[in-house]
Structures are given as C-alpha cells and as structure tokens.
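Undergrad: Got a file for you: work.cif, mmCIF, C-alpha atoms (C1' of nucleotides).
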```
data_my_file
loop_
_atom_site.label_atom_id
_atom_site.label_comp_id
_atom_site.auth_asym_id
_atom_site.auth_seq_id
_atom_site.Cartn_x
_atom_site.Cartn_y
_atom_site.Cartn_z
CA MET A 14 72.80 1.75 89.77
CA ARG A 15 70.69 1.75 86.68
CA GLY A 16 72.79 1.75 83.59
CA ARG A 17 71.06 4.49 81.71
CA GLN A 18 72.78 4.60 78.39
CA PRO A 19 72.87 7.52 76.02
CA ARG A 20 70.96 5.35 73.58
CA ASP A 21 67.91 7.18 74.85
CA PRO A 22 68.97 10.79 74.50
CA PRO A 23 66.74 13.38 76.04
CA ARG A 24 64.64 15.01 73.44
CA PRO A 25 62.89 18.35 73.67
CA ALA A 26 59.43 18.05 75.09
CA PRO A 27 56.72 18.25 72.46
CA ALA A 28 54.95 21.54 72.17
CA ARG A 29 51.77 19.85 73.25
CA ALA A 30 51.09 16.84 75.35
CA TYR A 31 50.41 14.48 72.51
CA HIS A 32 50.70 11.53 74.86
CA ARG A 33 47.26 12.42 76.18
CA ARG A 34 45.79 12.52 72.71
CA VAL A 35 43.89 9.49 71.64
CA PRO A 36 44.08 8.35 68.04
CA ASP A 37 41.10 7.27 66.05
CA PRO A 38 40.31 3.61 66.55
CA ARG A 39 42.21 1.22 64.29
CA PRO A 40 40.16 -1.09 62.12
CA ASP A 41 41.09 -3.91 64.48
CA ASP A 42 39.31 -2.12 67.28
CA VAL A 43 36.22 -1.63 65.20
CA THR A 44 35.85 -4.86 63.31
CA PRO A 45 33.40 -7.05 65.14
CA SER A 46 35.35 -9.79 66.86
CA ALA A 47 34.28 -12.65 69.07
CA ALA A 48 33.99 -10.23 71.93
CA ALA A 49 32.25 -7.48 70.05
CA THR A 50 29.25 -9.15 68.53
CA THR A 51 26.71 -7.43 66.38
CA VAL A 52 25.64 -3.96 67.35
CA PRO A 53 22.15 -2.65 66.70
CA ASP A 54 21.44 -0.55 63.64
CA LEU A 55 20.84 2.82 65.23
CA ALA A 56 21.24 4.95 62.13
CA GLY A 57 18.25 3.37 60.39
CA PRO A 58 15.62 4.78 62.72
CA LEU A 59 17.69 7.68 64.03
CA LEU A 60 18.32 9.55 60.79
CA PRO A 61 14.64 9.97 59.81
CA TRP A 62 13.81 10.95 63.37
CA TYR A 63 16.55 13.55 63.34
CA LEU A 64 15.34 15.15 60.14
CA ALA A 65 11.93 15.62 61.73
CA ALA A 66 12.90 16.52 65.30
CA ARG A 67 16.14 18.44 65.02
CA ARG A 68 16.61 21.92 66.34
CA ASP A 69 17.51 24.58 63.83
CA LEU A 70 20.97 25.56 65.06
CA PRO A 71 23.07 28.05 63.11
CA TRP A 72 26.33 26.11 63.42
CA ARG A 73 24.63 23.19 61.67
CA ALA A 74 23.49 25.34 58.75
CA PRO A 75 25.07 24.74 55.35
CA ASP A 76 26.60 28.21 55.40
CA ALA A 77 28.30 27.72 58.76
CA THR A 78 32.05 28.23 58.44
CA PRO A 79 34.66 26.01 60.08
CA TRP A 80 35.44 28.95 62.33
CA GLY A 81 31.79 29.23 63.29
CA VAL A 82 31.75 25.53 64.09
CA LEU A 83 34.91 25.82 66.17
CA VAL A 84 33.51 28.76 68.12
CA SER A 85 30.32 26.83 68.79
CA GLU A 86 32.25 23.84 70.09
CA PHE A 87 34.25 25.98 72.50
CA MET A 88 31.10 27.60 73.80
CA LEU A 89 29.22 24.33 74.06
CA GLN A 90 31.83 22.74 76.30
CA GLN A 91 29.78 22.25 79.45
CA THR A 92 27.28 24.90 78.45
CA GLN A 93 23.78 24.35 77.09
CA VAL A 94 22.65 25.30 73.61
CA ASP A 95 20.10 27.88 74.68
CA ARG A 96 22.67 29.89 76.57
CA VAL A 97 25.22 29.70 73.76
CA LEU A 98 23.04 30.88 70.89
CA PRO A 99 23.05 34.67 71.53
CA ARG A 100 26.74 34.74 72.43
CA TRP A 101 27.64 32.77 69.33
CA HIS A 102 25.86 35.26 67.05
CA ALA A 103 27.47 38.25 68.75
CA TRP A 104 30.88 36.61 68.66
CA LEU A 105 30.80 35.91 64.93
CA ASP A 106 29.44 39.38 64.22
CA ALA A 107 32.44 40.82 66.03
CA TRP A 108 35.04 38.35 64.76
CA PRO A 109 33.91 36.59 61.56
CA THR A 110 37.32 34.95 61.03
CA PRO A 111 40.16 33.66 63.20
CA ALA A 112 42.29 36.61 62.07
CA ASP A 113 39.68 39.04 63.36
CA LEU A 114 39.80 37.51 66.81
CA ALA A 115 43.57 37.20 66.73
CA ALA A 116 43.79 40.94 66.15
CA ALA A 117 41.63 41.67 69.19
CA LEU A 118 42.61 41.87 72.83
CA ALA A 119 42.01 38.79 74.91
CA GLY A 120 40.11 41.05 77.27
CA ASP A 121 37.60 41.85 74.54
CA ALA A 122 37.06 38.13 74.05
CA ILE A 123 36.56 37.69 77.78
CA ARG A 124 33.96 40.46 77.80
CA ALA A 125 32.18 38.96 74.81
CA TRP A 126 32.13 35.63 76.61
CA GLY A 127 29.91 37.23 79.23
CA ARG A 128 28.51 34.83 81.77
CA LEU A 129 28.83 31.66 79.73
CA GLY A 130 31.04 30.24 82.44
CA TYR A 131 34.55 28.83 82.44
CA PRO A 132 35.99 32.10 81.05
CA ARG A 133 39.32 30.35 80.50
CA ARG A 134 37.65 29.08 77.35
CA ALA A 135 37.58 32.63 76.01
CA VAL A 136 41.30 32.98 76.63
CA TRP A 137 41.93 29.62 75.02
CA LEU A 138 39.79 30.45 71.99
CA HIS A 139 41.70 33.69 71.55
CA ALA A 140 44.98 31.79 71.81
CA ALA A 141 43.71 29.20 69.32
CA ALA A 142 42.86 31.98 66.87
CA LEU A 143 46.43 33.26 67.13
CA GLN A 144 47.75 29.75 66.52
CA ILE A 145 45.46 29.32 63.52
CA VAL A 146 46.80 32.52 62.02
CA GLU A 147 50.44 31.70 62.76
CA ARG A 148 50.44 28.03 61.82
CA HIS A 149 47.68 27.72 59.26
CA GLY A 150 47.39 31.05 57.51
CA GLY A 151 44.17 31.91 59.24
CA ARG A 152 42.29 28.81 58.11
CA VAL A 153 40.91 26.35 60.61
CA PRO A 154 42.96 23.19 60.00
CA ASP A 155 41.20 20.07 58.76
CA ASP A 156 43.74 17.68 60.26
CA LEU A 157 43.25 15.85 63.55
CA ASP A 158 46.73 16.42 64.94
CA ALA A 159 46.75 20.07 63.96
CA LEU A 160 43.42 20.60 65.65
CA LEU A 161 44.49 18.75 68.78
CA ALA A 162 47.53 20.99 69.00
CA LEU A 163 45.34 24.08 69.31
CA ARG A 164 44.83 25.55 72.76
CA GLY A 165 41.61 24.34 74.34
CA VAL A 166 40.91 21.72 71.67
CA GLY A 167 40.65 18.18 72.97
CA ASN A 168 39.49 14.84 71.71
CA TYR A 169 35.87 15.84 71.42
CA THR A 170 36.25 19.27 69.87
CA ALA A 171 38.88 18.25 67.33
CA ARG A 172 36.74 15.45 65.91
CA ALA A 173 33.57 17.51 66.08
CA VAL A 174 35.22 20.10 63.83
CA LEU A 175 36.44 17.44 61.42
CA VAL A 176 32.98 15.94 61.17
CA PHE A 177 30.70 18.96 61.37
CA ALA A 178 32.83 21.54 59.60
CA PHE A 179 34.67 19.41 57.06
CA GLY A 180 32.44 16.38 56.61
CA GLN A 181 35.15 13.88 57.43
CA ARG A 182 34.24 10.49 58.83
CA HIS A 183 35.44 10.18 62.43
CA PRO A 184 33.91 8.84 65.60
CA VAL A 185 32.90 11.64 67.97
CA VAL A 186 32.00 11.08 71.59
CA ASP A 187 30.49 13.59 73.95
CA THR A 188 28.47 13.18 77.11
CA ASN A 189 25.23 12.66 75.18
CA ILE A 190 26.69 10.00 72.95
CA ARG A 191 28.27 8.20 75.89
CA ARG A 192 24.90 8.00 77.58
CA VAL A 193 22.94 6.88 74.51
CA LEU A 194 25.47 4.18 73.70
CA ALA A 195 25.56 3.01 77.31
CA ARG A 196 21.81 2.50 77.23
CA ALA A 197 21.11 1.39 73.67
CA VAL A 198 24.16 -0.85 73.19
CA ASP A 199 25.40 -1.80 76.65
CA GLY A 200 22.01 -1.92 78.32
CA VAL A 201 22.98 0.10 81.37
CA ALA A 202 21.42 3.26 82.71
CA ALA A 203 24.58 5.35 82.80
CA PRO A 204 27.96 5.18 81.13
CA GLY A 205 31.02 4.05 83.03
CA PRO A 206 34.03 6.24 83.65
CA PRO A 207 35.15 8.05 80.50
CA ASN A 208 37.80 6.25 78.50
CA ALA A 209 38.50 8.04 75.25
CA ARG A 210 39.96 5.08 73.44
CA ARG A 211 37.17 2.71 74.40
CA ASP A 212 34.44 5.30 73.90
CA LEU A 213 35.68 6.18 70.42
CA ALA A 214 35.80 2.52 69.47
CA ALA A 215 32.23 2.06 70.67
CA MET A 216 31.05 4.96 68.55
CA ALA A 217 33.02 3.72 65.57
CA ARG A 218 31.11 0.44 65.72
CA VAL A 219 27.76 2.11 65.13
CA LEU A 220 28.97 4.82 62.75
CA PRO A 221 27.60 4.58 59.18
CA ARG A 222 30.20 3.89 56.51
CA ASP A 223 29.30 6.85 54.36
CA ALA A 224 30.85 10.09 55.62
CA GLY A 225 27.74 12.13 54.95
CA ARG A 226 25.52 9.70 56.80
CA ALA A 227 28.07 9.47 59.60
CA ARG A 228 27.89 13.24 60.02
CA GLN A 229 24.10 13.21 60.15
CA PHE A 230 24.18 10.26 62.51
CA THR A 231 26.52 12.08 64.89
CA TRP A 232 24.23 15.07 65.00
CA ALA A 233 21.28 12.71 65.42
CA ILE A 234 22.63 10.70 68.34
CA MET A 235 23.71 13.88 70.12
CA GLU A 236 20.28 15.36 69.54
CA LEU A 237 18.64 12.22 70.89
CA GLY A 238 20.72 12.47 74.05
CA ALA A 239 19.90 16.14 74.45
CA LEU A 240 16.16 15.98 73.75
CA VAL A 241 14.94 12.43 74.48
CA CYS A 242 17.50 10.14 76.07
CA THR A 243 18.30 12.64 78.82
CA ALA A 244 20.26 11.89 81.94
CA ARG A 245 17.55 12.44 84.52
CA THR A 246 14.24 11.46 82.98
CA PRO A 247 14.59 9.80 79.59
CA ALA A 248 11.46 10.13 77.46
CA CYS A 249 11.38 6.59 76.17
CA ASP A 250 7.81 7.12 74.96
CA ARG A 251 9.17 9.56 72.40
CA CYS A 252 12.27 7.56 71.47
CA PRO A 253 12.71 6.31 67.90
CA ILE A 254 14.86 3.29 68.85
CA THR A 255 12.76 1.63 71.54
CA ASP A 256 12.60 -1.58 69.52
CA ARG A 257 16.36 -2.05 69.76
CA CYS A 258 17.46 -0.25 72.91
CA ARG A 259 19.04 -2.88 75.07
CA TRP A 260 18.43 -0.93 78.27
CA LEU A 261 14.72 -0.65 77.55
CA LEU A 262 14.49 -4.28 76.49
CA LEU A 263 16.04 -5.25 79.82
CA GLY A 264 13.39 -3.26 81.67
CA ARG A 265 15.46 -0.14 82.32
CA PRO A 266 17.54 -1.59 85.15
CA ALA A 267 18.84 0.96 87.62
CA THR A 268 22.49 1.85 87.47
CA THR A 269 24.84 -0.38 89.39
CA SER A 270 28.00 1.58 88.86
CA ARG A 271 29.28 4.19 91.20
CA PRO A 272 27.95 7.62 90.33
CA ALA A 273 30.35 9.99 88.71
CA ARG A 274 32.29 12.41 90.82
CA ARG A 275 30.16 15.25 92.02
CA GLN A 276 31.12 18.84 91.65
CA ALA A 277 31.61 20.66 94.93
CA ARG A 278 28.89 23.04 96.00
CA TYR A 279 29.14 26.40 94.26
CA GLU A 280 27.99 28.63 97.10
CA GLY A 281 31.06 29.77 98.96
CA SER A 282 33.46 28.09 96.55
CA ASP A 283 36.62 29.47 95.02
CA ARG A 284 34.78 29.32 91.70
CA GLN A 285 32.18 31.70 92.97
CA ALA A 286 34.92 34.00 94.27
CA ARG A 287 36.56 33.94 90.85
CA GLY A 288 33.24 34.67 89.21
CA ARG A 289 32.67 37.74 91.35
CA ILE A 290 36.09 39.12 90.50
CA MET A 291 35.63 38.42 86.80
CA ALA A 292 32.32 40.25 86.82
CA ARG A 293 34.04 43.35 88.17
CA LEU A 294 36.92 43.10 85.74
CA ARG A 295 34.53 42.78 82.81
CA ALA A 296 32.54 45.79 83.92
CA ALA A 297 35.51 48.01 84.63
CA THR A 298 36.77 50.53 82.12
CA THR A 299 39.91 51.31 84.10
CA PRO A 300 42.16 49.10 86.20
CA LEU A 301 40.88 48.20 89.64
CA THR A 302 42.77 48.00 92.88
CA GLU A 303 42.86 44.74 94.73
CA ASP A 304 40.73 46.34 97.41
CA ALA A 305 38.12 47.26 94.84
CA LEU A 306 38.18 43.78 93.38
CA ILE A 307 37.64 41.96 96.65
CA ALA A 308 35.52 44.52 98.49
CA GLY A 309 32.51 42.86 100.01
CA ALA A 310 33.86 39.36 99.56
CA PRO A 311 32.81 37.07 102.38
CA ASP A 312 36.36 35.79 102.71
CA ALA A 313 39.17 38.17 101.81
CA THR A 314 41.79 35.43 101.91
CA GLN A 315 39.78 33.34 99.53
CA ALA A 316 39.25 36.35 97.26
CA ARG A 317 42.98 37.06 97.09
CA ARG A 318 43.62 33.42 96.33
CA ALA A 319 40.99 33.60 93.58
CA LEU A 320 42.63 36.66 92.06
CA ALA A 321 45.99 34.92 92.04
CA SER A 322 44.47 31.95 90.24
CA LEU A 323 42.84 34.26 87.69
CA VAL A 324 46.25 35.76 86.98
CA ARG A 325 47.70 32.28 86.50
CA ASP A 326 44.91 31.54 84.04
CA GLY A 327 45.58 34.67 82.02
CA LEU A 328 42.23 36.18 82.95
CA ALA A 329 43.68 39.15 84.82
CA VAL A 330 46.93 41.07 84.43
CA ARG A 331 48.75 43.67 86.45
CA ALA A 332 48.05 47.14 85.13
CA GLU A 333 50.86 49.51 84.37
CA ALA A 334 51.25 52.13 87.05
CA ALA A 335 50.38 54.92 84.69
CA GLU A 336 47.03 53.33 83.97
CA ALA A 337 46.00 53.47 87.59
CA SER A 338 46.18 57.19 87.90
CA GLN A 339 43.08 57.50 90.02
CA THR A 340 44.57 55.36 92.71
CA ARG A 341 47.76 57.31 93.18
CA PRO A 342 47.81 59.60 96.16
CA SER A 343 47.78 63.20 95.06
CA GLY A 344 51.25 64.59 94.79
CA ALA A 345 52.85 61.23 94.14
CA ARG A 346 54.47 60.63 90.79
CA PRO A 347 55.38 57.44 89.00
CA GLY A 348 58.61 56.21 90.45
CA ASP A 349 58.09 57.83 93.77
CA GLY A 350 59.69 55.62 96.36
CA ALA A 351 59.90 51.87 96.07
CA ASP A 352 56.44 51.22 97.41
CA GLU A 353 53.52 50.44 95.17
CA PRO A 354 50.73 50.48 97.69
CA HIS A 355 47.87 49.96 95.29
CA PRO A 356 48.58 47.34 92.66
CA CYS A 357 45.91 47.37 90.01
CA TRP A 358 44.42 44.74 87.79
CA ARG A 359 42.59 44.60 84.50
CA LEU A 360 41.60 42.18 81.78
CA PRO A 361 44.47 41.12 79.52
"C1'" DA B 23 43.13 9.02 87.63
"C1'" DA B 24 41.51 12.75 89.95
"C1'" DG B 25 40.52 17.50 90.73
"C1'" DG B 26 39.75 22.36 89.29
"C1'" DC B 27 37.14 25.23 86.63
"C1'" DG B 28 31.02 29.03 85.93
"C1'" DG B 29 26.78 29.58 86.09
"C1'" DG B 30 22.14 28.75 84.91
"C1'" DG B 31 18.24 25.56 84.38
"C1'" DT B 32 15.52 21.76 86.21
"C1'" DA B 33 13.38 18.08 89.21
"C1'" DT C 24 19.18 21.01 97.43
"C1'" DA C 25 21.42 18.23 94.07
"C1'" DC C 26 22.12 17.16 89.48
"C1'" DC C 27 23.11 18.25 84.81
"C1'" DC C 28 25.47 20.38 80.96
"C1'" DA C 29 28.40 19.42 72.65
"C1'" DG C 30 35.28 19.24 77.98
"C1'" DC C 31 39.89 20.55 78.76
"C1'" DC C 32 43.96 21.12 81.40
"C1'" DT C 33 47.05 20.20 85.15
"C1'" DT C 34 49.09 17.29 88.58
#
```
How does this structure look as structure tokens?
TA:
Amino acid sequence: MRGRQPRDPPRPAPARAYHRRVPDPRPDDVTPSAAATTVPDLAGPLLPWYLAARRDLPWRAPDATPWGVLVSEFMLQQTQVDRVLPRWHAWLDAWPTPADLAAALAGDAIRAWGRLGYPRRAVWLHAAALQIVERHGGRVPDDLDALLALRGVGNYTARAVLVFAFGQRHPVVDTNIRRVLARAVDGVAAPGPPNARRDLAAMARVLPRDAGRARQFTWAIMELGALVCTARTPACDRCPITDRCRWLLLGRPATTSRPARRQARYEGSDRQARGRIMARLRAATTPLTEDALIAGAPDATQARRALASLVRDGLAVRAEAAEASQTRPSGARPGDGADEPHPCWRLP
DNA sequence: AAGGCGGGGTA
DNA sequence: TACCCAGCCTT
C-alpha cells in the first residue's frame, strides 16, 4: 500500500479555489527571451487612435467609483455595452455603494438585472457586495487576491478593477484583447484556446511600462477589438495598426485552428426554460405555485428541471406557507395535515 | 478541459 | 440560421 505519512496533514480547504487563480506573469515570463523575440509597438499608434475614436462610457469617466467599475464589469461579462448602459445607470442610482446593495434583497438585484442575461451574475454581485462589507469595510478592495476571492470575480474582472478603478499596472485579457493579440502579434485570424497564464504573459509583453499609459492602452486595445478588429468582419481599412499587424502583413490567412466550442441552440434549451421561469418570478408580487411557473411550458419535465436548477443557483426560493395564502384551499389552515399540495416559489 | 449558463444583435 | 458577446463556476 502507499505509505501515506502524516507529514502531509489534511488542511482545511481554502475558502475559495485559489488553485484556479492565475498569478500575474513573473518578469521571467515577460522578458523577451530567445523564444519571445521583439513584439510590435502597439501603444504608439493605438493611444492616439483611442483618444479620437473612443466611446464615452460612464464607467471610464474620471468620477467613476471603484464600485461603479465593478458593477460594469459584472454586467459586461458576456453582454454588450449598449445593453448594459441603461441597467448600469439604474443600478448605481439604486445602490450607489456596496453597502447599499448589501442591505437589499437579492431578489431586488435580480429584478434590477432585468433581461441582461445570466441572472446568476446578479446573485453573485449581491453576494460580492456582502463580502465587500464584511471583509473590507464596504470599500472595493484594491488587492488582486482579495478581488479574486469575491463571488463572481475571476481573472479578467479582478485585473480590470485594479487597472480601471485603481490605476494599477496589470495585464488584462478579455475576448477582444485575445483576438487583437492573436492577429497583430501572432498573425493568426483567431486566438487559440484560452490559457490564462499564457494570455496574460502575451498581454504583459505589449503593455506600456507606465501605469497610466498601460491603463489607456488596455482600454484602447479592448476598444479596437470591439469597434474595428471584430470577430466576424474586421475593418482593417479603419485600423490604426495596419503597418504592424502581422496577420494583415501575412495577407489575412484564414484560421487553421479548430473553431471554439459552439453554444447549443437556445430554442428549446434548458436555458430558455430557465429564462421563462425567471421572467415570471421577476414579474410576480406574490409567490407562485409550481403550476403557475411552468404553465404553458412546452415540456413540463424540462420546466421542473429548470426550476430545480434555479433553486440550486439561488435564483428562486421556497416561499413560506403563510406567504402563499391565495393558493390554500378555503377552510385549510397552516399546519393542516402533512400535505403541502401547492409549494410556492419566489425570488430570494 | 469541458460544459452550463441568457438573450439580443448581426451577417 | 449561426455566430458573437469586457466570463465565471462546477465537475
């Protein structure tokens, strides 16, 4: 048998899965070596272009608070700027500080999230606000590990807050940056599979030394990916770095790598079933029976499965019996019998 | 490493 | 229709 010795005593699991967290690149990863030759100067042409072409976004304004930046990053996870803007304003009007959100019900956050999609993000942002109050006195932390320990904050969001809210110099990599670097530096049409450590090192290689310029450069390269160097039809005729983009200089070769995993069709999916239930929960002012939640669903089994998954995600909770008064048969009283024929559900 | 998770806009 | 989007979490 294996001689497992007590020299390796079991230790309590960390509160968060730090093993998945990726540290900033070490200088060794960034310093040009024999393998990593010179990289093009992207900041030179990109910064002036950005100053002229940038969108006027409120979370980039000088008066944006770290909390406002954090809220924007949550909302922008897989959701486009135009859809986020109105919800971001309403959110900060309602909850200008983490403490304001922490004092609210998660259900109010879910309602304010509206149809932005992935409503778990609203639950996570609410949980993060509670953590910010409990651990950091209500101030958004300006430390990488502290940010990564917040619910719903991953490698992108944590560094985005450090850079955009606090002006620190860190590499940041999102889907736009991955694509621009794949084309401009690697000379390929599309980035390979995401690899946080490698992607961060690639960004670190082109990041200006000065923290202020690095911040502007990060905004700039993301803006380029969003407005010019787009996934489908890049507008190279409007690109400020055509003289040094390796992909363009190679003649824009088609991608050779396997396309990224596709998302399953939405029509008829469990996601759609969840979305329908969430719409009813958001609209309801009193708890709803399961029958009311799944009425009209094309697949009742799927709808019940969706409701169960929403409960697991903290997006729906069982209502207390007293709250569901309208569903109780007349004459019945709380505690009558052991049966509870009409379980009810509401937002948390 | 892969799969689940919204929903709207665009080609 | 299929693809895309300022990702994160779980398994």
Undergrad: Apply the PyMOL selection byres ((chain B and resi 25) around 10) to the structure shown and report the selected residues as a tab-separated table (two decimals) with C-alpha atoms (C1' of nucleotides), in the coordinates of the input.
TA:
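That gives us expr.tsv:
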```
chain	number	residue	atom	x	y	z
A	274	ARG	CA	32.29	12.41	90.82
A	276	GLN	CA	31.12	18.84	91.65
B	23	DA	C1'	43.13	9.02	87.63
B	24	DA	C1'	41.51	12.75	89.95
B	26	DG	C1'	39.75	22.36	89.29
B	27	DC	C1'	37.14	25.23	86.63
C	33	DT	C1'	47.05	20.20	85.15
C	34	DT	C1'	49.09	17.29	88.58
```
Undergrad: Quick one: which residues end up in the PyMOL selection byres ((chain C) within 7 of (chain A)) for this structure, as a list in words?
TA: DC28, DA29, DG30 and DC31 of chain C
Undergrad: For the point (16.7, 16.5, 62.8) in the file's frame, write as a PyMOL selection string all residues with an atom no more than 10 Å away, counting all atoms listed in the file.
TA: chain A and resi 59-69+229-230+232-234+236-237
Undergrad: Using the chain letters and residue numbers of this document, give as a PyMOL selection string the residues selected by the PyMOL selection byres ((chain A) within 12 of (chain B)).
TA: chain A and resi 90-97+126-134+206-208+244-246+273-280+282-289+291-292+319+322-323+326
Undergrad: To one decimal place, how far is atom CA of A:Ala159 from atom CA of A:Ala141 in Å?
TA: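 Between these atoms lies a distance of 11.0 Å.
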Undergrad: Could you state the separation of atom CA of A:Asp199 and atom CA of A:Asp256 in Å, given to one decimal place?
TA: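 Computing it gives 14.7 Å between the two atoms.
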Undergrad: Extending 3 Å beyond the listed atoms of stretch 26-30 of chain C on each side, what axis-aligned box results? I want centre and edge lengths in Å to one decimal, as lines of an AutoDock Vina configuration file.
TA:
```
center_x = 28.7
center_y = 18.8
center_z = 81.1
size_x = 19.2
size_y = 9.2
size_z = 22.8
```
Undergrad: So what do you get for atom CA of A:Glu303 versus atom CA of A:Trp137, distance-wise?
TA: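 The value is 24.9 Å.
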Undergrad: Give as a PyMOL selection string every residue, naming chains and numbers as the document does, that has an atom within 9 Å of (15.2, 9.0, 74.8), counting only C-alpha atoms (C1' of nucleotides).
TA: chain A and resi 193+237-243+246-255
Undergrad: Show which residues sit within 10 Å of stretch 214-226 of chain A, as a PyMOL selection string. Count all atoms listed in the file, and ignore same-chain residues fewer than 6 positions away.
TA: chain A and resi 37-45+49+51-57+60+176-177+180-186+190-191+194-195+198-199+208+232
Undergrad: Copy stretch 84-112 of chain A out of the block into a file, keeping C-alpha atoms, as an mmCIF file, in the first residue's frame.
TA:
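To be explicit, this is the file written out as decode36.cif:
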```cif
data_model
loop_
_atom_site.group_PDB
_atom_site.id
_atom_site.type_symbol
_atom_site.label_atom_id
_atom_site.label_comp_id
_atom_site.auth_asym_id
_atom_site.auth_seq_id
_atom_site.Cartn_x
_atom_site.Cartn_y
_atom_site.Cartn_z
ATOM 1 C CA VAL A 84 -20.701 46.731 -11.389
ATOM 2 C CA SER A 85 -19.878 47.473 -15.015
ATOM 3 C CA GLU A 86 -17.515 44.515 -15.213
ATOM 4 C CA PHE A 87 -20.124 42.138 -13.834
ATOM 5 C CA MET A 88 -22.686 43.380 -16.318
ATOM 6 C CA LEU A 89 -20.267 43.307 -19.227
ATOM 7 C CA GLN A 90 -19.436 39.648 -18.746
ATOM 8 C CA GLN A 91 -20.791 38.230 -21.996
ATOM 9 C CA THR A 92 -23.090 41.184 -22.518
ATOM 10 C CA GLN A 93 -22.608 44.058 -24.949
ATOM 11 C CA VAL A 94 -22.060 47.666 -23.934
ATOM 12 C CA ASP A 95 -25.254 49.024 -25.452
ATOM 13 C CA ARG A 96 -27.415 46.679 -23.440
ATOM 14 C CA VAL A 97 -25.532 47.343 -20.207
ATOM 15 C CA LEU A 98 -25.645 51.141 -20.222
ATOM 16 C CA PRO A 99 -29.247 51.717 -19.013
ATOM 17 C CA ARG A 100 -29.069 48.957 -16.419
ATOM 18 C CA TRP A 101 -25.781 50.277 -15.082
ATOM 19 C CA HIS A 102 -27.244 53.755 -14.520
ATOM 20 C CA ALA A 103 -30.345 52.387 -12.819
ATOM 21 C CA TRP A 104 -28.276 50.053 -10.665
ATOM 22 C CA LEU A 105 -25.989 52.783 -9.346
ATOM 23 C CA ASP A 106 -28.932 55.094 -8.767
ATOM 24 C CA ALA A 107 -30.495 52.402 -6.589
ATOM 25 C CA TRP A 108 -27.303 51.209 -4.899
ATOM 26 C CA PRO A 109 -24.509 53.810 -5.078
ATOM 27 C CA THR A 110 -22.241 51.822 -2.736
ATOM 28 C CA PRO A 111 -21.601 48.168 -1.926
ATOM 29 C CA ALA A 112 -23.290 48.674 1.445
#
```
